[in-house]
$ cat structure.cif   # mmCIF, C-alpha atoms
data_my_file
loop_
_atom_site.label_atom_id
_atom_site.label_comp_id
_atom_site.auth_asym_id
_atom_site.auth_seq_id
_atom_site.Cartn_x
_atom_site.Cartn_y
_atom_site.Cartn_z
CA MET A 14 6.02 9.44 55.66
CA SER A 15 2.72 9.27 53.81
CA ASN A 16 1.28 12.47 52.35
CA LYS A 17 -2.10 10.94 51.62
CA ILE A 18 -5.13 13.04 52.50
CA VAL A 19 -7.41 11.13 54.81
CA ASN A 20 -11.09 11.89 54.32
CA GLN A 21 -13.28 9.42 56.16
CA LYS A 22 -16.44 11.03 54.80
CA ALA A 23 -15.86 9.10 51.59
CA TRP A 24 -17.19 6.06 53.44
CA PHE A 25 -20.69 7.54 53.07
CA LEU A 26 -20.38 6.88 49.34
CA VAL A 27 -20.64 3.15 50.03
CA ALA A 28 -23.83 3.61 52.05
CA PRO A 29 -26.17 2.80 49.11
CA VAL A 30 -24.27 -0.44 48.43
CA PHE A 31 -24.40 -1.26 52.11
CA LEU A 32 -28.18 -0.80 52.09
CA VAL A 33 -28.61 -3.00 49.01
CA VAL A 34 -26.45 -5.73 50.56
CA ALA A 35 -28.38 -5.39 53.82
CA PHE A 36 -31.68 -6.01 52.10
CA ASN A 37 -30.65 -8.74 49.67
CA ALA A 38 -28.17 -10.62 51.85
CA LEU A 39 -28.24 -9.76 55.54
CA ILE A 40 -32.01 -9.82 56.14
CA PRO A 41 -32.52 -13.16 54.32
CA LEU A 42 -29.48 -14.58 56.17
CA MET A 43 -30.86 -13.44 59.52
CA THR A 44 -34.20 -15.00 58.63
CA VAL A 45 -32.52 -18.30 57.81
CA VAL A 46 -30.74 -18.21 61.19
CA ASN A 47 -34.09 -17.58 62.90
CA PHE A 48 -35.75 -20.44 61.00
CA SER A 49 -32.88 -22.82 61.83
CA VAL A 50 -33.78 -22.88 65.53
CA GLN A 51 -37.54 -23.15 65.14
CA GLU A 52 -40.24 -25.42 63.78
CA THR A 53 -43.01 -24.02 61.60
CA PHE A 54 -46.03 -25.38 59.78
CA GLY A 55 -46.83 -22.09 58.06
CA ASP A 56 -49.01 -19.07 58.95
CA ASN A 57 -46.04 -17.48 60.75
CA VAL A 58 -46.50 -19.79 63.73
CA PHE A 59 -43.17 -20.93 65.14
CA THR A 60 -42.12 -23.18 67.99
CA TRP A 61 -38.64 -23.23 69.52
CA ALA A 62 -36.51 -26.23 68.48
CA GLY A 63 -33.06 -25.18 69.74
CA VAL A 64 -30.15 -26.94 68.07
CA GLN A 65 -32.17 -30.01 67.12
CA TRP A 66 -32.11 -29.35 63.35
CA PHE A 67 -28.36 -28.83 63.39
CA GLN A 68 -27.90 -32.15 65.18
CA ASP A 69 -30.26 -33.91 62.78
CA VAL A 70 -28.40 -32.57 59.76
CA LEU A 71 -24.94 -33.27 61.21
CA HIS A 72 -25.89 -36.89 61.99
CA SER A 73 -27.70 -37.45 58.70
CA GLU A 74 -26.05 -39.87 56.28
CA ARG A 75 -27.99 -38.22 53.47
CA PHE A 76 -26.26 -34.91 54.25
CA HIS A 77 -22.81 -36.57 54.41
CA ASN A 78 -23.34 -38.21 51.03
CA ALA A 79 -24.60 -35.02 49.39
CA LEU A 80 -21.66 -33.04 50.80
CA LEU A 81 -19.11 -35.60 49.60
CA LYS A 82 -20.64 -35.62 46.12
CA GLN A 83 -20.61 -31.83 46.02
CA LEU A 84 -16.93 -31.68 47.07
CA LEU A 85 -15.99 -34.36 44.55
CA PHE A 86 -17.80 -32.51 41.77
CA SER A 87 -16.05 -29.22 42.61
CA ALA A 88 -12.65 -30.95 42.76
CA ILE A 89 -13.17 -32.63 39.36
CA VAL A 90 -14.36 -29.51 37.54
CA LEU A 91 -11.61 -27.34 39.06
CA ALA A 92 -8.96 -29.91 38.09
CA ILE A 93 -10.21 -29.84 34.50
CA GLU A 94 -11.35 -26.25 33.92
CA ILE A 95 -8.40 -24.32 35.36
CA PRO A 96 -5.60 -26.03 33.33
CA LEU A 97 -7.82 -26.29 30.24
CA GLY A 98 -8.88 -22.64 30.44
CA LEU A 99 -5.26 -21.56 30.86
CA ALA A 100 -4.15 -23.72 27.92
CA ILE A 101 -6.86 -22.31 25.64
CA ALA A 102 -6.04 -18.73 26.68
CA LEU A 103 -2.36 -19.33 25.85
CA THR A 104 -3.22 -20.50 22.34
CA MET A 105 -5.60 -17.62 21.56
CA PRO A 106 -4.31 -14.86 19.25
CA ARG A 107 -3.37 -11.55 20.94
CA LYS A 108 -3.51 -9.41 17.77
CA GLY A 109 -5.34 -9.43 14.44
CA ILE A 110 -8.85 -10.05 13.17
CA TRP A 111 -9.26 -13.41 14.92
CA VAL A 112 -9.15 -11.84 18.39
CA SER A 113 -12.79 -10.66 18.32
CA PHE A 114 -13.94 -13.93 16.79
CA CYS A 115 -12.24 -16.00 19.50
CA LEU A 116 -13.52 -13.76 22.30
CA ILE A 117 -17.12 -13.93 21.05
CA LEU A 118 -16.85 -17.69 20.60
CA MET A 119 -15.57 -18.03 24.16
CA ALA A 120 -18.25 -15.73 25.59
CA LEU A 121 -21.15 -17.61 23.96
CA PRO A 122 -21.55 -20.42 26.52
CA LEU A 123 -21.56 -17.84 29.32
CA LEU A 124 -24.48 -15.99 27.73
CA ILE A 125 -26.80 -19.00 27.68
CA PRO A 126 -29.24 -19.23 30.60
CA TRP A 127 -28.41 -22.05 32.98
CA ASN A 128 -31.68 -23.93 32.53
CA VAL A 129 -31.22 -23.78 28.75
CA VAL A 130 -27.74 -25.29 29.17
CA GLY A 131 -29.30 -28.15 31.13
CA SER A 132 -31.97 -28.66 28.47
CA MET A 133 -29.40 -28.57 25.65
CA TRP A 134 -27.27 -31.23 27.27
CA ASN A 135 -30.34 -33.23 28.15
CA ILE A 136 -31.27 -33.40 24.47
CA MET A 137 -27.64 -34.03 23.47
CA ALA A 138 -27.23 -36.91 25.90
CA LEU A 139 -30.61 -38.64 25.70
CA PRO A 140 -29.96 -42.27 24.74
CA ASP A 141 -32.60 -42.40 21.96
CA ILE A 142 -32.15 -39.10 20.18
CA GLY A 143 -29.00 -37.43 21.55
CA LEU A 144 -26.02 -36.82 19.31
CA LEU A 145 -23.58 -37.36 22.17
CA ALA A 146 -25.26 -40.59 23.25
CA LYS A 147 -25.37 -41.92 19.68
CA MET A 148 -21.69 -41.09 19.22
CA ILE A 149 -20.56 -42.75 22.45
CA ASN A 150 -22.77 -45.79 21.88
CA GLY A 151 -21.43 -45.93 18.32
CA LEU A 152 -17.94 -46.38 19.78
CA GLY A 153 -19.19 -49.55 21.45
CA ILE A 154 -19.49 -48.02 24.95
CA ASP A 155 -22.76 -48.60 26.75
CA TYR A 156 -23.85 -45.07 27.68
CA ASN A 157 -27.16 -44.12 29.24
CA TYR A 158 -27.03 -41.27 31.72
CA THR A 159 -30.60 -41.84 32.84
CA ARG A 160 -29.72 -45.15 34.49
CA GLN A 161 -25.90 -45.27 34.88
CA PRO A 162 -24.40 -43.16 37.72
CA VAL A 163 -20.97 -42.98 36.03
CA ALA A 164 -22.54 -41.82 32.77
CA ALA A 165 -24.59 -39.21 34.66
CA TRP A 166 -21.44 -37.88 36.36
CA PHE A 167 -19.58 -37.87 33.05
CA THR A 168 -22.39 -35.87 31.44
CA ILE A 169 -22.70 -33.22 34.15
CA VAL A 170 -18.92 -32.76 34.34
CA LEU A 171 -18.78 -32.42 30.55
CA MET A 172 -21.66 -29.93 30.65
CA ASP A 173 -19.99 -27.85 33.35
CA VAL A 174 -16.66 -27.88 31.51
CA TRP A 175 -18.42 -26.75 28.33
CA HIS A 176 -20.34 -24.04 30.15
CA TRP A 177 -17.71 -22.57 32.44
CA THR A 178 -14.23 -23.16 31.01
CA SER A 179 -14.85 -20.02 28.93
CA LEU A 180 -14.87 -17.92 32.09
CA VAL A 181 -11.40 -19.19 33.02
CA VAL A 182 -10.25 -18.61 29.44
CA LEU A 183 -11.47 -15.01 29.40
CA LEU A 184 -9.95 -14.23 32.80
CA CYS A 185 -6.59 -15.77 31.83
CA TYR A 186 -6.67 -14.07 28.44
CA ALA A 187 -7.24 -10.67 30.10
CA GLY A 188 -4.28 -11.41 32.39
CA LEU A 189 -2.05 -12.46 29.48
CA VAL A 190 -2.89 -9.38 27.40
CA SER A 191 -1.98 -7.11 30.30
CA ILE A 192 1.63 -8.43 30.47
CA PRO A 193 3.88 -5.70 28.97
CA ASP A 194 5.81 -6.61 25.81
CA ALA A 195 9.07 -5.67 27.54
CA TYR A 196 8.95 -8.96 29.48
CA TYR A 197 8.74 -11.00 26.28
CA GLN A 198 11.48 -8.93 24.64
CA ALA A 199 13.78 -9.50 27.63
CA ALA A 200 13.01 -13.24 27.50
CA LYS A 201 13.81 -13.26 23.77
CA VAL A 202 17.14 -11.52 24.37
CA ASP A 203 17.97 -14.14 27.02
CA GLY A 204 17.02 -16.92 24.61
CA ALA A 205 14.26 -18.25 26.88
CA LYS A 206 12.33 -21.29 25.67
CA PRO A 207 8.48 -21.13 25.54
CA TRP A 208 8.24 -23.22 28.72
CA ALA A 209 10.55 -20.81 30.58
CA VAL A 210 8.46 -17.84 29.36
CA PHE A 211 5.35 -19.56 30.67
CA ARG A 212 6.89 -20.64 33.96
CA TYR A 213 8.72 -17.44 34.89
CA ILE A 214 6.73 -14.68 33.18
CA GLN A 215 3.18 -15.66 32.31
CA LEU A 216 2.31 -17.89 35.26
CA PRO A 217 3.52 -15.45 37.98
CA LYS A 218 1.70 -12.60 36.24
CA LEU A 219 -1.48 -14.67 36.08
CA LYS A 220 -1.59 -15.49 39.78
CA HIS A 221 -4.18 -12.85 40.58
CA VAL A 222 -6.58 -13.83 37.83
CA LEU A 223 -6.06 -17.53 38.55
CA THR A 224 -6.92 -16.85 42.20
CA ILE A 225 -10.14 -15.18 41.10
CA ALA A 226 -10.85 -17.97 38.60
CA VAL A 227 -10.37 -20.71 41.23
CA LEU A 228 -12.51 -18.84 43.74
CA LEU A 229 -15.32 -18.13 41.29
CA ARG A 230 -15.33 -21.64 39.88
CA PHE A 231 -15.18 -23.24 43.31
CA MET A 232 -18.08 -21.18 44.64
CA ASP A 233 -20.15 -21.66 41.48
CA SER A 234 -19.52 -25.40 41.23
CA PHE A 235 -20.14 -25.87 44.94
CA MET A 236 -23.51 -24.15 44.57
CA ILE A 237 -24.49 -25.67 41.21
CA TYR A 238 -28.19 -26.36 41.01
CA THR A 239 -30.05 -25.41 37.83
CA GLU A 240 -28.10 -27.33 35.21
CA VAL A 241 -27.94 -30.54 37.22
CA SER A 242 -31.56 -30.22 38.27
CA VAL A 243 -32.67 -29.94 34.64
CA LEU A 244 -30.30 -32.62 33.33
CA THR A 245 -30.51 -35.39 35.91
CA GLY A 246 -32.79 -34.07 38.68
CA GLY A 247 -30.31 -35.61 41.13
CA GLY A 248 -30.56 -39.09 39.61
CA PRO A 249 -30.23 -41.86 38.67
CA GLY A 250 -31.24 -42.74 42.23
CA ASN A 251 -29.32 -40.21 44.29
CA ALA A 252 -26.12 -40.42 42.22
CA THR A 253 -26.02 -36.70 41.41
CA THR A 254 -27.98 -35.35 44.38
CA PHE A 255 -25.63 -32.60 45.47
CA LEU A 256 -26.14 -30.45 48.55
CA SER A 257 -27.98 -27.77 46.59
CA ILE A 258 -30.43 -30.27 45.10
CA ASP A 259 -30.94 -32.01 48.44
CA LEU A 260 -31.54 -28.65 50.09
CA VAL A 261 -34.30 -27.74 47.64
CA LYS A 262 -35.86 -31.18 48.10
CA ILE A 263 -35.94 -30.71 51.87
CA ALA A 264 -37.10 -27.08 51.81
CA LEU A 265 -39.62 -27.10 48.97
CA GLY A 266 -40.35 -30.79 48.45
CA GLN A 267 -40.78 -31.81 52.06
CA PHE A 268 -41.42 -28.26 53.40
CA ASP A 269 -39.08 -28.97 56.33
CA LEU A 270 -38.02 -25.35 56.69
CA GLY A 271 -36.16 -25.77 59.99
CA PRO A 272 -33.79 -28.57 58.86
CA ALA A 273 -33.41 -26.83 55.47
CA ALA A 274 -32.37 -23.59 57.22
CA ALA A 275 -29.85 -25.47 59.40
CA MET A 276 -28.47 -27.21 56.29
CA SER A 277 -28.27 -23.87 54.44
CA LEU A 278 -26.21 -22.35 57.23
CA ILE A 279 -23.79 -25.29 57.33
CA TYR A 280 -23.55 -25.11 53.52
CA PHE A 281 -22.90 -21.34 53.69
CA MET A 282 -20.22 -21.74 56.35
CA ILE A 283 -18.42 -24.40 54.30
CA ILE A 284 -18.38 -22.11 51.24
CA LEU A 285 -17.21 -19.17 53.34
CA ALA A 286 -14.44 -21.18 55.00
CA MET A 287 -13.23 -22.79 51.76
CA SER A 288 -13.22 -19.46 49.91
CA TRP A 289 -11.29 -17.80 52.74
CA LEU A 290 -8.84 -20.71 52.81
CA PHE A 291 -8.25 -20.62 49.03
CA TYR A 292 -7.82 -16.85 49.05
CA THR A 293 -5.48 -16.83 52.06
CA LEU A 294 -3.29 -19.67 50.76
CA MET A 295 -2.99 -18.14 47.30
CA MET A 296 -2.19 -14.69 48.65
CA LYS A 297 0.36 -16.24 51.02
CA ASN A 298 2.06 -18.05 48.12
CA GLU A 299 2.15 -14.85 46.16
CA GLU A 300 3.80 -12.94 48.99
CA SER A 301 6.39 -15.65 49.55
CA MET B 25 -55.71 -12.32 61.68
CA GLN B 26 -52.39 -13.32 60.25
CA ASN B 27 -49.48 -11.20 61.42
CA THR B 28 -47.28 -10.32 58.45
CA SER B 29 -45.02 -7.58 59.81
CA LEU B 30 -41.31 -7.74 59.08
CA ILE B 31 -40.54 -8.86 62.62
CA SER B 32 -42.99 -11.75 62.59
CA TRP B 33 -42.06 -12.71 59.03
CA MET B 34 -38.40 -12.90 60.05
CA ALA B 35 -39.42 -15.15 62.96
CA TRP B 36 -37.19 -13.42 65.51
CA THR B 37 -36.39 -15.13 68.79
CA TRP B 38 -34.51 -13.71 71.74
CA PRO B 39 -31.48 -16.03 71.41
CA THR B 40 -31.01 -15.25 67.68
CA ALA B 41 -31.51 -11.53 68.33
CA VAL B 42 -28.85 -11.66 71.05
CA PHE B 43 -26.55 -13.54 68.65
CA PHE B 44 -26.80 -10.84 65.97
CA ILE B 45 -26.58 -7.99 68.46
CA ALA B 46 -23.37 -9.59 69.81
CA ILE B 47 -21.93 -9.80 66.27
CA PHE B 48 -22.76 -6.16 65.50
CA LEU B 49 -21.49 -5.01 68.88
CA SER B 50 -18.21 -6.88 68.39
CA ILE B 51 -17.72 -5.19 65.00
CA ALA B 52 -18.52 -1.79 66.55
CA ALA B 53 -16.16 -2.52 69.45
CA MET B 54 -13.39 -3.38 66.98
CA GLY B 55 -13.94 -0.02 65.26
CA PHE B 56 -13.84 1.78 68.59
CA TRP B 57 -10.70 -0.13 69.64
CA GLU B 58 -8.92 0.78 66.40
CA TYR B 59 -10.00 4.43 66.80
CA LYS B 60 -8.76 4.62 70.38
CA VAL B 61 -5.67 2.41 70.06
CA PRO B 62 -4.54 2.30 66.41
CA GLY B 63 -2.34 -0.66 65.59
CA GLY B 64 -4.54 -3.17 63.83
CA GLY B 65 -2.08 -3.56 60.96
CA PRO B 66 -1.07 -7.06 59.78
CA ARG B 67 0.81 -9.21 62.29
CA HIS B 68 2.63 -12.48 61.63
CA GLY B 69 1.03 -15.21 63.74
CA VAL B 70 1.59 -18.84 64.68
CA PHE B 71 -0.15 -20.18 61.54
CA GLY B 72 2.24 -18.18 59.36
CA LEU B 73 -0.54 -15.79 58.33
CA ASP B 74 -0.41 -12.01 58.34
CA THR B 75 -3.65 -10.98 60.01
CA THR B 76 -5.22 -7.68 61.02
CA ARG B 77 -7.55 -7.32 64.00
CA GLY B 78 -10.54 -7.60 61.64
CA ASP B 79 -9.12 -10.82 60.15
CA ARG B 80 -8.73 -12.24 63.62
CA LEU B 81 -12.35 -11.41 64.46
CA PHE B 82 -13.47 -13.15 61.26
CA ILE B 83 -11.29 -16.22 61.95
CA SER B 84 -12.46 -16.45 65.54
CA ILE B 85 -16.18 -16.17 64.67
CA LEU B 86 -16.01 -18.58 61.73
CA GLY B 87 -13.82 -20.99 63.72
CA GLY B 88 -16.24 -20.67 66.64
CA CYS B 89 -19.16 -21.67 64.38
CA PHE B 90 -17.27 -24.78 63.22
CA ILE B 91 -16.30 -25.63 66.80
CA MET B 92 -19.97 -25.43 67.77
CA LEU B 93 -20.98 -27.63 64.82
CA GLY B 94 -18.24 -30.12 65.65
CA TRP B 95 -19.35 -30.14 69.28
CA LEU B 96 -22.98 -30.78 68.34
CA GLY B 97 -22.03 -33.41 65.77
CA LEU B 98 -19.44 -35.34 67.76
CA ALA B 99 -19.47 -34.51 71.45
CA SER B 100 -22.66 -33.59 73.20
CA ASP B 101 -26.22 -32.29 73.01
CA SER B 102 -25.37 -29.35 75.24
CA ILE B 103 -24.01 -26.22 73.59
CA TRP B 104 -22.20 -24.91 76.68
CA GLY B 105 -19.07 -27.05 76.26
CA GLY B 106 -18.82 -25.91 72.63
CA LEU B 107 -19.26 -22.31 73.71
CA LEU B 108 -16.43 -22.67 76.22
CA VAL B 109 -14.09 -24.17 73.59
CA GLY B 110 -15.17 -21.35 71.22
CA ILE B 111 -14.23 -18.68 73.78
CA VAL B 112 -10.83 -20.35 74.32
CA TRP B 113 -10.37 -20.43 70.52
CA MET B 114 -11.25 -16.72 70.28
CA PHE B 115 -8.69 -15.87 72.95
CA PHE B 116 -6.06 -18.01 71.17
CA VAL B 117 -6.76 -16.33 67.81
CA PHE B 118 -6.58 -12.79 69.20
CA ARG B 119 -3.44 -13.54 71.19
CA TRP B 120 -1.34 -15.69 68.85
CA VAL B 121 -2.77 -15.95 65.32
#
$ encode --input "structure.cif" --output "structure tokens"
Amino acid sequence: MSNKIVNQKAWFLVAPVFLVVAFNALIPLMTVVNFSVQETFGDNVFTWAGVQWFQDVLHSERFHNALLKQLLFSAIVLAIEIPLGLAIALTMPRKGIWVSFCLILMALPLLIPWNVVGSMWNIMALPDIGLLAKMINGLGIDYNYTRQPVAAWFTIVLMDVWHWTSLVVLLCYAGLVSIPDAYYQAAKVDGAKPWAVFRYIQLPKLKHVLTIAVLLRFMDSFMIYTEVSVLTGGGPGNATTFLSIDLVKIALGQFDLGPAAAMSLIYFMIILAMSWLFYTLMMKNEES
Amino acid sequence: MQNTSLISWMAWTWPTAVFFIAIFLSIAAMGFWEYKVPGGGPRHGVFGLDTTRGDRLFISILGGCFIMLGWLGLASDSIWGGLLVGIVWMFFVFRWV
């Protein structure tokens, strides 16, 4: 039988957080829902549109293409960043003077503002002056991200891997450091090979942080806007026009607030469902 | 003169207000249910998931939204068929998931 003291008054302590969330998330979300069923031309004058914007978005080929590109981008960066981040974390020192150096080095890309990251890679990859472009062209490969869709994809994936793998590394490193030495000593006594240590000690102990890493990276990559907007602006053509970029074009470029609100809600529901699915599946695996 | 109060800025309509009131009422009703009849602990359902009553509410609302989108995208212009399927889905989730 539990001897825990139950004091429900403690819930009042979360009231300030609840208020903050209400103002920065719930009220804007409610407003988006309200906009998604109406037409407006400004001046707070609205006319009822029903589910028309949802139907328009759901039947729009432009939306299907943007969604597919966004999903593909998230799948590619997750497939690269999670194993790479884990591998780097495994090779980082756990003791000694190099620990701080490695941690600072890993944290640096995360400290750079997103639009600066886009600008940096823009300069790096520009065909005329960019170091990256010169290097790739020097290898005899025709590379110009401003007019080749494959090159544009390659550049934004490379940029994202450079920018965000560090987050996975730091999360995995924190997980690895928290594994008690007793596990390694027991493995040593049993004569376990490095692969066995990784497979049966480190990987199971890292499941929680890997879950968080996958969730964070999925949500971030699925919502990526700034870096891609600065680097390619959605081009060449529409090759890198992801949902986020398309949404801004519709909302701010075309000022179609109704369809943009409907698209935002569909976008939000996809992120919510995918995050719930990832979390549930990973927690289920852990329990089993 | 331009009306810039919070209500007009948020562009409220009766249907969307009813939608949010229904969501808040359902959450309140779940709290009341748990208070009156405790027992919302995890249960193993047909999808192999351990879900609490709150989880089931979340799954049924989110699933209902996707059913409605699917209905609008694939089946018909009318929302009533989608609503009916959504209610059946909600019953299924609360009973078996």
$ atom_distance --input "structure.cif" --atom1 "atom CA of Thr239 of chain A" --atom2 "atom CA of Gly131 of chain A"
7.3 Å
$ interface_residues --input "structure.cif" --of "chain B" --to "chain A" --cutoff "9 Å" --atoms "all atoms listed in the file" --output "list of chain:residue names"
B:Gln26, B:Asn27, B:Thr28, B:Ser32, B:Trp33, B:Met34, B:Ala35, B:Trp36, B:Thr37, B:Thr40, B:Ala41, B:Phe44, B:Gly72, B:Leu73, B:Asp74, B:Leu86, B:Gly87, B:Cys89, B:Phe90, B:Leu93, B:Gly94, B:Leu96, B:Gly97, B:Leu98, B:Asp101, B:Ser102, B:Ile103
$ atom_distance --input "structure.cif" --atom1 "atom CA of Trp134 of chain A" --atom2 "atom CA of Ile258 of chain A"
18.1 Å
$ resolve_selection --input "structure.cif" --expression "the PyMOL selection byres ((chain A and resi 82-93) around 8)" --output "short mmCIF file (atom, residue, chain, number, x, y, z; two decimals) with C-alpha atoms, in the coordinates of the input"
data_model
loop_
_atom_site.label_atom_id
_atom_site.label_comp_id
_atom_site.auth_asym_id
_atom_site.auth_seq_id
_atom_site.Cartn_x
_atom_site.Cartn_y
_atom_site.Cartn_z
CA ASN A 78 -23.34 -38.21 51.03
CA ALA A 79 -24.60 -35.02 49.39
CA LEU A 80 -21.66 -33.04 50.80
CA LEU A 81 -19.11 -35.60 49.60
CA GLU A 94 -11.35 -26.25 33.92
CA ILE A 95 -8.40 -24.32 35.36
CA PRO A 96 -5.60 -26.03 33.33
CA LEU A 97 -7.82 -26.29 30.24
CA VAL A 170 -18.92 -32.76 34.34
CA ASP A 173 -19.99 -27.85 33.35
CA VAL A 174 -16.66 -27.88 31.51
CA VAL A 227 -10.37 -20.71 41.23
CA ARG A 230 -15.33 -21.64 39.88
CA PHE A 231 -15.18 -23.24 43.31
CA SER A 234 -19.52 -25.40 41.23
CA PHE A 235 -20.14 -25.87 44.94
CA THR A 253 -26.02 -36.70 41.41
CA THR A 254 -27.98 -35.35 44.38
CA PHE A 255 -25.63 -32.60 45.47
CA LEU A 256 -26.14 -30.45 48.55
#
$ resolve_selection --input "structure.cif" --expression "the PyMOL selection byres ((chain A and resi 119) around 9)" --output "ChimeraX atom specification"
/A:114-118,120-123,178-180,182-183
